[in-house]
Amino acid sequence: MIFKDIVSLQIKTKQNFQDNLARVITEIRNSQNGSIILTPELVFSGFCYQNMNEASEFSKHATEQLLNASANHTIITTMIEKKNHKFYNNLKVFSQGELIHKQAKHQLFMLGEEHLHFAAGSINEIIPFRLDGINCGALICFELRFVELWQKLRGVDVLFIPAQWGQARKDHFETLCKALAVANQCFVVASNSASIHMAKSSAIISPYGKVIQDDAKEIIQAQIDVAEVEKMRKYINVGLKECIR
């Protein structure tokens, strides 16, 4: 049995970048050592299209703070970063004081005009990564809609979904997250924003499809047993048992 404490934040993103970072750091410090903390997408800045350069500069400060805060935790979040005069929505995984994985958002949400402000990341960056011997993967918000991206992470034990998913499509978010857990026979951890017009619906979903969710809370927390993944894949064998080992 491999038990992990999971914390999914369901909080608002304010206009003040430093306030947002301070809130996340507080929740990290309040969590148990060894916890994995997932934040909503762009939790520090939101989609601040009028202040992209400022957000990118702040991400350097946030990265330093998260490296320090991750000495005894794992933190998964996304932030605005600039490279070669282009802005990217970068997912970063901090663990044991190091940056262990990074991927830029590949599928940009045209309805939200992301394509006008961000460059798309390479699909080749969407690959599994390991946390304490556990095979993990991540998709960023709108990427959840693309089954071909599910296939790139086929066989992982835990999938993380940071999001800023709108209230108008709340049912879509909940349906897709649960379907991903059942189809990939893995845990899915979703962290969605609680800001105005956002769907909340943050959840921790088991390989069997059991959902832990509460829109009234700012923190969705559970201890998961990663051994449930292998049990589910033996119980109903759809060819996932040896995909990634």
# chains A, B, ... in the order shown; residues from 1 in each chain; ligands from 1

$ residues_around --residues "His115 of chain A" --least-positions-apart "3" --cutoff "12 Å" --atoms "only C-alpha atoms" --output "list of chain:residue names"
A:Phe47, A:Tyr49, A:Lys86, A:Phe87, A:Tyr88, A:Asn89, A:Lys105, A:His106, A:Gln107, A:Leu108, A:Phe109, A:Met110, A:Leu111, A:Gly112, A:Phe118, A:Ala119, A:Ala120, A:Gly121

$ residues_around --residues "segment 193-197 of chain A" --least-positions-apart "5" --cutoff "6 Å" --atoms "only C-alpha atoms" --output "ChimeraX atom specification"
/A:10-12,40,164,166-167

$ residues_around --residues "Glu125 of chain A" --least-positions-apart "5" --cutoff "8 Å" --atoms "only C-alpha atoms" --output "JSON, numbers by chain"
{"A": [102, 103, 104]}

$ closest_residue --among "A:Ile126, A:Val43, A:Leu131, A:Met52" --to "Ser95 of chain A" --atoms "only C-alpha atoms"
A:Leu131

$ residues_around --residues "segment 56-67 of chain A" --least-positions-apart "2" --cutoff "9 Å" --atoms "only C-alpha atoms" --output "PyMOL selection string"
chain A and resi 17-18+21+25+44-45+51-54+69-71+75+79-82+87+92+94-99

$ write_last_selection --atoms "C-alpha atoms" --output "mmCIF file, in the first residue's frame"
data_model
loop_
_atom_site.group_PDB
_atom_site.id
_atom_site.type_symbol
_atom_site.label_atom_id
_atom_site.label_comp_id
_atom_site.auth_asym_id
_atom_site.auth_seq_id
_atom_site.Cartn_x
_atom_site.Cartn_y
_atom_site.Cartn_z
ATOM 1 C CA PHE A 17 -0.395 38.621 -6.969
ATOM 2 C CA GLN A 18 1.412 38.607 -3.622
ATOM 3 C CA LEU A 21 0.968 33.547 -3.368
ATOM 4 C CA ILE A 25 2.074 29.234 0.875
ATOM 5 C CA PHE A 44 -1.266 33.681 -8.639
ATOM 6 C CA SER A 45 -2.317 36.010 -11.445
ATOM 7 C CA ASN A 51 -0.399 42.747 -17.073
ATOM 8 C CA MET A 52 1.321 39.781 -18.689
ATOM 9 C CA ASN A 53 4.852 41.171 -18.271
ATOM 10 C CA GLU A 54 4.210 41.904 -14.605
ATOM 11 C CA ALA A 69 8.080 25.646 0.378
ATOM 12 C CA SER A 70 8.416 22.283 -1.363
ATOM 13 C CA ALA A 71 11.164 20.947 0.906
ATOM 14 C CA ILE A 75 3.240 21.544 -5.199
ATOM 15 C CA MET A 79 2.019 30.343 -13.933
ATOM 16 C CA ILE A 80 2.602 32.849 -16.712
ATOM 17 C CA GLU A 81 6.180 32.832 -17.994
ATOM 18 C CA LYS A 82 7.863 34.588 -20.911
ATOM 19 C CA PHE A 87 4.082 34.060 -23.050
ATOM 20 C CA LYS A 92 5.360 23.292 -12.794
ATOM 21 C CA PHE A 94 7.943 21.326 -7.213
ATOM 22 C CA SER A 95 9.080 18.527 -4.904
ATOM 23 C CA GLN A 96 11.817 18.192 -2.275
ATOM 24 C CA GLY A 97 13.079 21.663 -3.064
ATOM 25 C CA GLU A 98 13.435 21.053 -6.791
ATOM 26 C CA LEU A 99 11.505 21.658 -10.003
#

$ atom_distance --atom1 "atom CA of Gly137 of chain A" --atom2 "atom CA of Trp150 of chain A"
9.6 Å

$ closest_residue --among "A:Arg145, A:Lys178, A:Lys170, A:His101" --to "Ile76 of chain A" --atoms "only C-alpha atoms"
A:His101

$ select_by_dssp --residues "segment 23-184 of chain A" --states "strand (DSSP E)" --output "MDAnalysis selection string"
chainID A and resid 36:38 74:83 86:95 98:104 129:131 134:138 158:163

$ decode --residues "segment 82-97 of chain A" --atoms "all heavy atoms" --output "mmCIF file, in the first residue's frame"
data_model
loop_
_atom_site.group_PDB
_atom_site.id
_atom_site.type_symbol
_atom_site.label_atom_id
_atom_site.label_comp_id
_atom_site.auth_asym_id
_atom_site.auth_seq_id
_atom_site.Cartn_x
_atom_site.Cartn_y
_atom_site.Cartn_z
ATOM 1 N N LYS A 82 7.492 34.060 -19.595
ATOM 2 C CA LYS A 82 7.863 34.588 -20.911
ATOM 3 C C LYS A 82 9.162 33.950 -21.386
ATOM 4 O O LYS A 82 10.132 33.832 -20.630
ATOM 5 C CB LYS A 82 8.039 36.106 -20.828
ATOM 6 C CG LYS A 82 8.152 36.806 -22.177
ATOM 7 C CD LYS A 82 8.195 38.322 -21.971
ATOM 8 C CE LYS A 82 8.182 39.072 -23.296
ATOM 9 N NZ LYS A 82 8.199 40.538 -23.084
ATOM 10 N N LYS A 83 9.180 33.529 -22.652
ATOM 11 C CA LYS A 83 10.374 32.961 -23.255
ATOM 12 C C LYS A 83 10.410 33.353 -24.728
ATOM 13 O O LYS A 83 9.417 33.177 -25.442
ATOM 14 C CB LYS A 83 10.381 31.435 -23.109
ATOM 15 C CG LYS A 83 11.625 30.773 -23.674
ATOM 16 C CD LYS A 83 11.590 29.261 -23.483
ATOM 17 C CE LYS A 83 12.825 28.596 -24.049
ATOM 18 N NZ LYS A 83 12.782 27.114 -23.886
ATOM 19 N N ASN A 84 11.534 33.881 -25.159
ATOM 20 C CA ASN A 84 11.699 34.303 -26.559
ATOM 21 C C ASN A 84 10.560 35.215 -27.013
ATOM 22 O O ASN A 84 9.994 35.037 -28.099
ATOM 23 C CB ASN A 84 11.814 33.084 -27.472
ATOM 24 C CG ASN A 84 13.028 32.237 -27.157
ATOM 25 O OD1 ASN A 84 14.058 32.750 -26.722
ATOM 26 N ND2 ASN A 84 12.910 30.929 -27.360
ATOM 27 N N HIS A 85 10.207 36.162 -26.147
ATOM 28 C CA HIS A 85 9.199 37.189 -26.441
ATOM 29 C C HIS A 85 7.778 36.620 -26.551
ATOM 30 O O HIS A 85 6.882 37.291 -27.064
ATOM 31 C CB HIS A 85 9.549 37.951 -27.724
ATOM 32 C CG HIS A 85 10.929 38.512 -27.728
ATOM 33 N ND1 HIS A 85 11.320 39.547 -26.902
ATOM 34 C CD2 HIS A 85 12.038 38.154 -28.438
ATOM 35 C CE1 HIS A 85 12.596 39.821 -27.112
ATOM 36 N NE2 HIS A 85 13.058 38.994 -28.033
ATOM 37 N N LYS A 86 7.576 35.395 -26.074
ATOM 38 C CA LYS A 86 6.244 34.789 -26.083
ATOM 39 C C LYS A 86 5.864 34.382 -24.661
ATOM 40 O O LYS A 86 6.734 34.004 -23.871
ATOM 41 C CB LYS A 86 6.212 33.557 -26.995
ATOM 42 C CG LYS A 86 6.448 33.854 -28.462
ATOM 43 C CD LYS A 86 6.408 32.578 -29.290
ATOM 44 C CE LYS A 86 6.651 32.855 -30.766
ATOM 45 N NZ LYS A 86 6.637 31.599 -31.569
ATOM 46 N N PHE A 87 4.572 34.441 -24.370
ATOM 47 C CA PHE A 87 4.082 34.060 -23.050
ATOM 48 C C PHE A 87 3.529 32.632 -23.100
ATOM 49 O O PHE A 87 2.846 32.250 -24.057
ATOM 50 C CB PHE A 87 2.984 35.009 -22.577
ATOM 51 C CG PHE A 87 3.475 36.409 -22.308
ATOM 52 C CD1 PHE A 87 3.255 37.420 -23.223
ATOM 53 C CD2 PHE A 87 4.158 36.694 -21.136
ATOM 54 C CE1 PHE A 87 3.710 38.710 -22.983
ATOM 55 C CE2 PHE A 87 4.626 37.982 -20.874
ATOM 56 C CZ PHE A 87 4.396 38.986 -21.803
ATOM 57 N N TYR A 88 3.809 31.886 -22.035
ATOM 58 C CA TYR A 88 3.322 30.513 -21.916
ATOM 59 C C TYR A 88 2.617 30.337 -20.571
ATOM 60 O O TYR A 88 2.989 30.970 -19.579
ATOM 61 C CB TYR A 88 4.479 29.507 -22.009
ATOM 62 C CG TYR A 88 5.146 29.481 -23.364
ATOM 63 C CD1 TYR A 88 6.191 30.356 -23.659
ATOM 64 C CD2 TYR A 88 4.733 28.590 -24.349
ATOM 65 C CE1 TYR A 88 6.803 30.346 -24.903
ATOM 66 C CE2 TYR A 88 5.341 28.569 -25.599
ATOM 67 C CZ TYR A 88 6.372 29.448 -25.869
ATOM 68 O OH TYR A 88 6.976 29.441 -27.102
ATOM 69 N N ASN A 89 1.627 29.456 -20.565
ATOM 70 C CA ASN A 89 0.965 29.032 -19.328
ATOM 71 C C ASN A 89 1.640 27.730 -18.910
ATOM 72 O O ASN A 89 1.314 26.659 -19.413
ATOM 73 C CB ASN A 89 -0.527 28.836 -19.596
ATOM 74 C CG ASN A 89 -1.308 28.430 -18.351
ATOM 75 O OD1 ASN A 89 -0.740 28.113 -17.317
ATOM 76 N ND2 ASN A 89 -2.633 28.435 -18.481
ATOM 77 N N ASN A 90 2.618 27.844 -18.012
ATOM 78 C CA ASN A 90 3.468 26.705 -17.666
ATOM 79 C C ASN A 90 3.013 26.003 -16.392
ATOM 80 O O ASN A 90 2.891 26.635 -15.337
ATOM 81 C CB ASN A 90 4.919 27.161 -17.480
ATOM 82 C CG ASN A 90 5.609 27.440 -18.797
ATOM 83 O OD1 ASN A 90 5.292 26.840 -19.820
ATOM 84 N ND2 ASN A 90 6.575 28.347 -18.787
ATOM 85 N N LEU A 91 2.800 24.703 -16.505
ATOM 86 C CA LEU A 91 2.578 23.863 -15.327
ATOM 87 C C LEU A 91 3.943 23.474 -14.773
ATOM 88 O O LEU A 91 4.836 23.064 -15.519
ATOM 89 C CB LEU A 91 1.779 22.620 -15.680
ATOM 90 C CG LEU A 91 1.491 21.662 -14.526
ATOM 91 C CD1 LEU A 91 0.061 21.144 -14.604
ATOM 92 C CD2 LEU A 91 2.469 20.486 -14.490
ATOM 93 N N LYS A 92 4.090 23.608 -13.443
ATOM 94 C CA LYS A 92 5.360 23.292 -12.794
ATOM 95 C C LYS A 92 5.093 22.410 -11.570
ATOM 96 O O LYS A 92 4.139 22.656 -10.824
ATOM 97 C CB LYS A 92 6.088 24.577 -12.405
ATOM 98 C CG LYS A 92 6.351 25.480 -13.616
ATOM 99 C CD LYS A 92 6.912 26.833 -13.233
ATOM 100 C CE LYS A 92 8.409 26.802 -13.093
ATOM 101 N NZ LYS A 92 8.985 28.170 -12.970
ATOM 102 N N VAL A 93 5.947 21.415 -11.398
ATOM 103 C CA VAL A 93 5.842 20.493 -10.270
ATOM 104 C C VAL A 93 7.084 20.668 -9.404
ATOM 105 O O VAL A 93 8.209 20.409 -9.850
ATOM 106 C CB VAL A 93 5.725 19.033 -10.739
ATOM 107 C CG1 VAL A 93 5.577 18.098 -9.533
ATOM 108 C CG2 VAL A 93 4.547 18.861 -11.699
ATOM 109 N N PHE A 94 6.862 21.125 -8.163
ATOM 110 C CA PHE A 94 7.943 21.326 -7.213
ATOM 111 C C PHE A 94 7.902 20.220 -6.167
ATOM 112 O O PHE A 94 6.840 19.955 -5.587
ATOM 113 C CB PHE A 94 7.798 22.676 -6.506
ATOM 114 C CG PHE A 94 7.777 23.861 -7.437
ATOM 115 C CD1 PHE A 94 6.579 24.329 -7.966
ATOM 116 C CD2 PHE A 94 8.953 24.513 -7.777
ATOM 117 C CE1 PHE A 94 6.552 25.429 -8.813
ATOM 118 C CE2 PHE A 94 8.937 25.615 -8.623
ATOM 119 C CZ PHE A 94 7.735 26.071 -9.149
ATOM 120 N N SER A 95 9.041 19.597 -5.901
ATOM 121 C CA SER A 95 9.080 18.527 -4.904
ATOM 122 C C SER A 95 10.481 18.420 -4.316
ATOM 123 O O SER A 95 11.473 18.470 -5.065
ATOM 124 C CB SER A 95 8.672 17.188 -5.536
ATOM 125 O OG SER A 95 8.508 16.185 -4.554
ATOM 126 N N GLN A 96 10.544 18.318 -2.988
ATOM 127 C CA GLN A 96 11.817 18.192 -2.275
ATOM 128 C C GLN A 96 12.798 19.298 -2.668
ATOM 129 O O GLN A 96 13.994 19.080 -2.859
ATOM 130 C CB GLN A 96 12.426 16.812 -2.516
ATOM 131 C CG GLN A 96 11.531 15.692 -2.011
ATOM 132 C CD GLN A 96 12.104 14.306 -2.222
ATOM 133 O OE1 GLN A 96 13.160 14.149 -2.829
ATOM 134 N NE2 GLN A 96 11.418 13.296 -1.711
ATOM 135 N N GLY A 97 12.263 20.497 -2.794
ATOM 136 C CA GLY A 97 13.079 21.663 -3.064
ATOM 137 C C GLY A 97 13.567 21.795 -4.486
ATOM 138 O O GLY A 97 14.438 22.626 -4.775
#
